[in-house]
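Please read the structure below before turning to the comments.
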Amino acid sequence: MAKPTVDQVWEWLDAVPDPEIPVISLVDLGIIRGVEWQGETLIVSVTPTYSGCPATSIINLDIEIALRGHGIEKLELKRQISPPWTTNWLTEKGRAKLEDYGIAPPQPAGGPSRCPQCHSSNLERISQFGSTPCKATWRCRDCLEPFDYFKCI
Ligand SMILES: [Zn+2]
């Protein structure tokens with residue numbers, strides 16, 4: 001079979017959900033740093049998110065399963081740890097999807113800018129750690145709904 005283009009591979013990767021927050025893709029998360037062909041081998045560079053995040057090995061497996069499913073036979077996953085991943089790498093599309101899902105996207109100021117439910121900015125932090133170490137739990141003082149905030153790093 002003909003080698004798929006790099007653009008095609010990016011498209012496939014954009015269909016692989018983040019194991020922790022399945023509404024966004026690995027591409028939305030910003031952890032796929034490069035896709036290139038070296039001869040007949042497809043090289044995908046991946047930067048882990050939070051160190052110690054248990055999802056990292058699952059992510060590599062998901063990438064492999066997805067690309068093998070599209071017929072990629074020679075695949076090498078490179079772990080790229082420098083520069084380290086930051087939440088700034090989340091795509092605009094990813095941020096919008098997070099908010100739709102009820103998770104406040106990371107903000108440079110270090111706290112959510114508005115409630116994902118009612119968009120009020122009258123917020124309080126409930127807990128430093130939410131459902132995963134990557135998130136904190138906040139609550140909106142207007143609609144009283146608790147929500148996850150994707151912590152900025
Ligand atoms: Zn609210």
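Ordering of the structure tokens sets the chain letters (A, B, ...), residue numbers begin anew at 1 in every chain, and ligands are numbered from 1 in the order given.
Taking only C-alpha atoms and all ligand atoms into account, ligand 1 has within 9 Å the residues Arg114, Cys115, Pro116, Gln117, Cys118, His119, Ser120, Ser121, Asn122, Leu123, Arg139, Cys140, Arg141, Asp142, Cys143, Leu144, Glu145, Pro146 and Phe147 of chain A.
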Now that the selection is made, can you save its residues with N, CA and C atoms as a PDB file, in the first residue's frame?
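Result saved to part.pdb:
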ATOM      1  N   ARG A 114     -14.135  31.260  34.015  1.00  0.00           N
ATOM      2  CA  ARG A 114     -15.592  31.315  34.120  1.00  0.00           C
ATOM      3  C   ARG A 114     -16.149  29.915  34.317  1.00  0.00           C
ATOM      4  N   CYS A 115     -17.367  29.864  34.828  1.00  0.00           N
ATOM      5  CA  CYS A 115     -18.052  28.597  35.050  1.00  0.00           C
ATOM      6  C   CYS A 115     -18.409  27.994  33.686  1.00  0.00           C
ATOM      7  N   PRO A 116     -18.057  26.708  33.455  1.00  0.00           N
ATOM      8  CA  PRO A 116     -18.390  26.119  32.153  1.00  0.00           C
ATOM      9  C   PRO A 116     -19.906  25.988  31.945  1.00  0.00           C
ATOM     10  N   GLN A 117     -20.661  26.020  33.040  1.00  0.00           N
ATOM     11  CA  GLN A 117     -22.126  25.880  32.938  1.00  0.00           C
ATOM     12  C   GLN A 117     -22.786  27.214  32.560  1.00  0.00           C
ATOM     13  N   CYS A 118     -22.592  28.241  33.427  1.00  0.00           N
ATOM     14  CA  CYS A 118     -23.351  29.482  33.248  1.00  0.00           C
ATOM     15  C   CYS A 118     -22.456  30.671  32.903  1.00  0.00           C
ATOM     16  N   HIS A 119     -21.126  30.428  32.811  1.00  0.00           N
ATOM     17  CA  HIS A 119     -20.165  31.465  32.425  1.00  0.00           C
ATOM     18  C   HIS A 119     -20.007  32.573  33.475  1.00  0.00           C
ATOM     19  N   SER A 120     -20.489  32.347  34.680  1.00  0.00           N
ATOM     20  CA  SER A 120     -20.253  33.310  35.758  1.00  0.00           C
ATOM     21  C   SER A 120     -18.776  33.286  36.139  1.00  0.00           C
ATOM     22  N   SER A 121     -18.272  34.436  36.589  1.00  0.00           N
ATOM     23  CA  SER A 121     -16.875  34.446  37.039  1.00  0.00           C
ATOM     24  C   SER A 121     -16.790  34.462  38.563  1.00  0.00           C
ATOM     25  N   ASN A 122     -17.911  34.231  39.217  1.00  0.00           N
ATOM     26  CA  ASN A 122     -17.981  34.201  40.672  1.00  0.00           C
ATOM     27  C   ASN A 122     -17.704  32.765  41.132  1.00  0.00           C
ATOM     28  N   LEU A 123     -16.398  32.471  41.367  1.00  0.00           N
ATOM     29  CA  LEU A 123     -15.985  31.080  41.535  1.00  0.00           C
ATOM     30  C   LEU A 123     -15.203  30.892  42.816  1.00  0.00           C
ATOM     31  N   ARG A 139     -16.059  25.475  42.301  1.00  0.00           N
ATOM     32  CA  ARG A 139     -17.513  25.574  42.303  1.00  0.00           C
ATOM     33  C   ARG A 139     -17.909  26.990  41.903  1.00  0.00           C
ATOM     34  N   CYS A 140     -19.022  27.046  41.220  1.00  0.00           N
ATOM     35  CA  CYS A 140     -19.571  28.326  40.812  1.00  0.00           C
ATOM     36  C   CYS A 140     -20.502  28.813  41.921  1.00  0.00           C
ATOM     37  N   ARG A 141     -20.308  30.051  42.365  1.00  0.00           N
ATOM     38  CA  ARG A 141     -21.158  30.564  43.450  1.00  0.00           C
ATOM     39  C   ARG A 141     -22.530  30.993  42.928  1.00  0.00           C
ATOM     40  N   ASP A 142     -22.667  31.091  41.621  1.00  0.00           N
ATOM     41  CA  ASP A 142     -23.969  31.495  41.069  1.00  0.00           C
ATOM     42  C   ASP A 142     -24.881  30.300  40.823  1.00  0.00           C
ATOM     43  N   CYS A 143     -24.408  29.328  40.025  1.00  0.00           N
ATOM     44  CA  CYS A 143     -25.283  28.175  39.778  1.00  0.00           C
ATOM     45  C   CYS A 143     -24.999  27.038  40.764  1.00  0.00           C
ATOM     46  N   LEU A 144     -23.977  27.217  41.615  1.00  0.00           N
ATOM     47  CA  LEU A 144     -23.625  26.262  42.673  1.00  0.00           C
ATOM     48  C   LEU A 144     -23.166  24.907  42.135  1.00  0.00           C
ATOM     49  N   GLU A 145     -22.843  24.860  40.860  1.00  0.00           N
ATOM     50  CA  GLU A 145     -22.373  23.606  40.280  1.00  0.00           C
ATOM     51  C   GLU A 145     -20.875  23.466  40.508  1.00  0.00           C
ATOM     52  N   PRO A 146     -20.450  22.313  41.045  1.00  0.00           N
ATOM     53  CA  PRO A 146     -19.007  22.057  41.069  1.00  0.00           C
ATOM     54  C   PRO A 146     -18.522  21.686  39.666  1.00  0.00           C
ATOM     55  N   PHE A 147     -17.296  22.012  39.354  1.00  0.00           N
ATOM     56  CA  PHE A 147     -16.758  21.609  38.051  1.00  0.00           C
ATOM     57  C   PHE A 147     -15.256  21.383  38.160  1.00  0.00           C
TER      58      PHE A 147
END
Give me every strand (DSSP E or B) residue in range 64-121 of chain A, going by DSSP on the backbone, as a PDB file with N, CA and C atoms, in the first residue's frame.
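Contents of selection35.pdb, as written:
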ATOM      1  N   LEU A  75       6.427   1.325  12.851  1.00  0.00           N
ATOM      2  CA  LEU A  75       6.071   2.490  13.646  1.00  0.00           C
ATOM      3  C   LEU A  75       7.050   2.620  14.799  1.00  0.00           C
ATOM      4  N   GLU A  76       7.505   3.840  15.011  1.00  0.00           N
ATOM      5  CA  GLU A  76       8.367   4.073  16.163  1.00  0.00           C
ATOM      6  C   GLU A  76       7.813   5.257  16.943  1.00  0.00           C
ATOM      7  N   LEU A  77       7.589   5.053  18.235  1.00  0.00           N
ATOM      8  CA  LEU A  77       7.109   6.142  19.080  1.00  0.00           C
ATOM      9  C   LEU A  77       8.298   6.698  19.834  1.00  0.00           C
ATOM     10  N   LYS A  78       8.523   7.975  19.621  1.00  0.00           N
ATOM     11  CA  LYS A  78       9.647   8.613  20.317  1.00  0.00           C
ATOM     12  C   LYS A  78       9.112   9.409  21.478  1.00  0.00           C
ATOM     13  N   ARG A  79       9.763   9.275  22.597  1.00  0.00           N
ATOM     14  CA  ARG A  79       9.367  10.029  23.770  1.00  0.00           C
ATOM     15  C   ARG A  79      10.183  11.311  23.775  1.00  0.00           C
ATOM     16  N   ILE A 103     -15.599  21.064  31.727  1.00  0.00           N
ATOM     17  CA  ILE A 103     -14.293  21.229  32.371  1.00  0.00           C
ATOM     18  C   ILE A 103     -13.745  22.596  31.969  1.00  0.00           C
ATOM     19  N   ALA A 104     -13.402  23.413  32.957  1.00  0.00           N
ATOM     20  CA  ALA A 104     -12.855  24.726  32.626  1.00  0.00           C
ATOM     21  C   ALA A 104     -11.451  24.558  32.070  1.00  0.00           C
TER      22      ALA A 104
END
Inset, instruction - Tell me which protein, DNA and RNA residues are within 12 Å of Thr86 in chain A, counting only C-alpha atoms, leaving out same-chain ones fewer than 3 positions away, and put them as number ranges by chain. - result: A: 29-31, 47-51, 81-83, 89-91, 106-108, 134, 150-153
Legend entry - Best match for closeness to Glu124 in chain A among A:Pro4, A:Pro22, A:Gly111, A:Pro17, counting only C-alpha atoms: A:Gly111
List as a compact mmCIF listing (two decimals) with N, CA and C atoms, in the first residue's frame the protein and nucleic acid residues near range 63-73 of chain A, meaning an atom at most 10 Å away when only C-alpha atoms are counted, but skip any in the same chain fewer than 3 places from it.
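Now in result25.txt:
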# COMPACT_ATOMS: atom_id res chain seq x y z
N MET A 1 0.84 -1.20 0.00
CA MET A 1 0.00 0.00 0.00
C MET A 1 0.87 1.25 0.00
N LYS A 3 2.33 4.81 1.06
CA LYS A 3 2.51 5.43 2.36
C LYS A 3 1.51 6.57 2.53
N PRO A 4 0.77 6.58 3.64
CA PRO A 4 -0.12 7.72 3.86
C PRO A 4 0.70 8.99 4.08
N VAL A 9 -1.86 11.12 8.60
CA VAL A 9 -1.55 10.53 9.91
C VAL A 9 -2.01 11.47 11.03
N TRP A 12 -5.62 10.99 11.53
CA TRP A 12 -5.92 9.76 12.28
C TRP A 12 -5.66 9.98 13.77
N LEU A 13 -4.55 10.64 14.07
CA LEU A 13 -4.22 10.85 15.48
C LEU A 13 -5.24 11.77 16.15
N ALA A 15 -8.20 11.59 15.81
CA ALA A 15 -9.39 10.80 16.14
C ALA A 15 -9.13 9.90 17.35
N VAL A 16 -7.91 9.97 17.92
CA VAL A 16 -7.60 9.13 19.09
C VAL A 16 -7.88 9.95 20.35
N PRO A 17 -8.84 9.50 21.16
CA PRO A 17 -9.20 10.30 22.34
C PRO A 17 -8.16 10.23 23.45
N LEU A 26 -5.76 13.35 21.28
CA LEU A 26 -4.35 13.50 21.65
C LEU A 26 -3.75 14.71 20.94
N ILE A 32 1.23 15.36 20.76
CA ILE A 32 1.87 14.81 19.56
C ILE A 32 2.75 15.93 19.00
N GLU A 40 10.84 3.77 5.43
CA GLU A 40 9.54 3.09 5.51
C GLU A 40 8.96 3.13 6.92
N THR A 41 9.67 3.79 7.83
CA THR A 41 9.24 3.79 9.23
C THR A 41 8.57 5.13 9.57
N LEU A 42 7.42 5.04 10.19
CA LEU A 42 6.72 6.25 10.62
C LEU A 42 7.17 6.58 12.05
N VAL A 44 6.59 8.88 15.30
CA VAL A 44 5.66 9.79 15.97
C VAL A 44 6.31 10.21 17.28
N VAL A 46 6.09 11.93 20.86
CA VAL A 46 5.05 12.17 21.87
C VAL A 46 5.70 12.75 23.13
N ILE A 58 -0.82 4.19 28.43
CA ILE A 58 -2.07 3.92 27.70
C ILE A 58 -2.08 4.72 26.40
N ILE A 59 -1.61 5.96 26.49
CA ILE A 59 -1.59 6.82 25.30
C ILE A 59 -0.73 6.19 24.20
N ASN A 60 0.46 5.72 24.57
CA ASN A 60 1.32 5.11 23.56
C ASN A 60 0.65 3.89 22.92
N GLU A 76 7.50 3.84 15.01
CA GLU A 76 8.37 4.07 16.16
C GLU A 76 7.81 5.26 16.94
N LEU A 77 7.59 5.05 18.24
CA LEU A 77 7.11 6.14 19.08
C LEU A 77 8.30 6.70 19.83
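Our summary of the geometry notes that CA of Asp14 in chain A is positioned 15.1 Å from CA of Leu61 in chain A.
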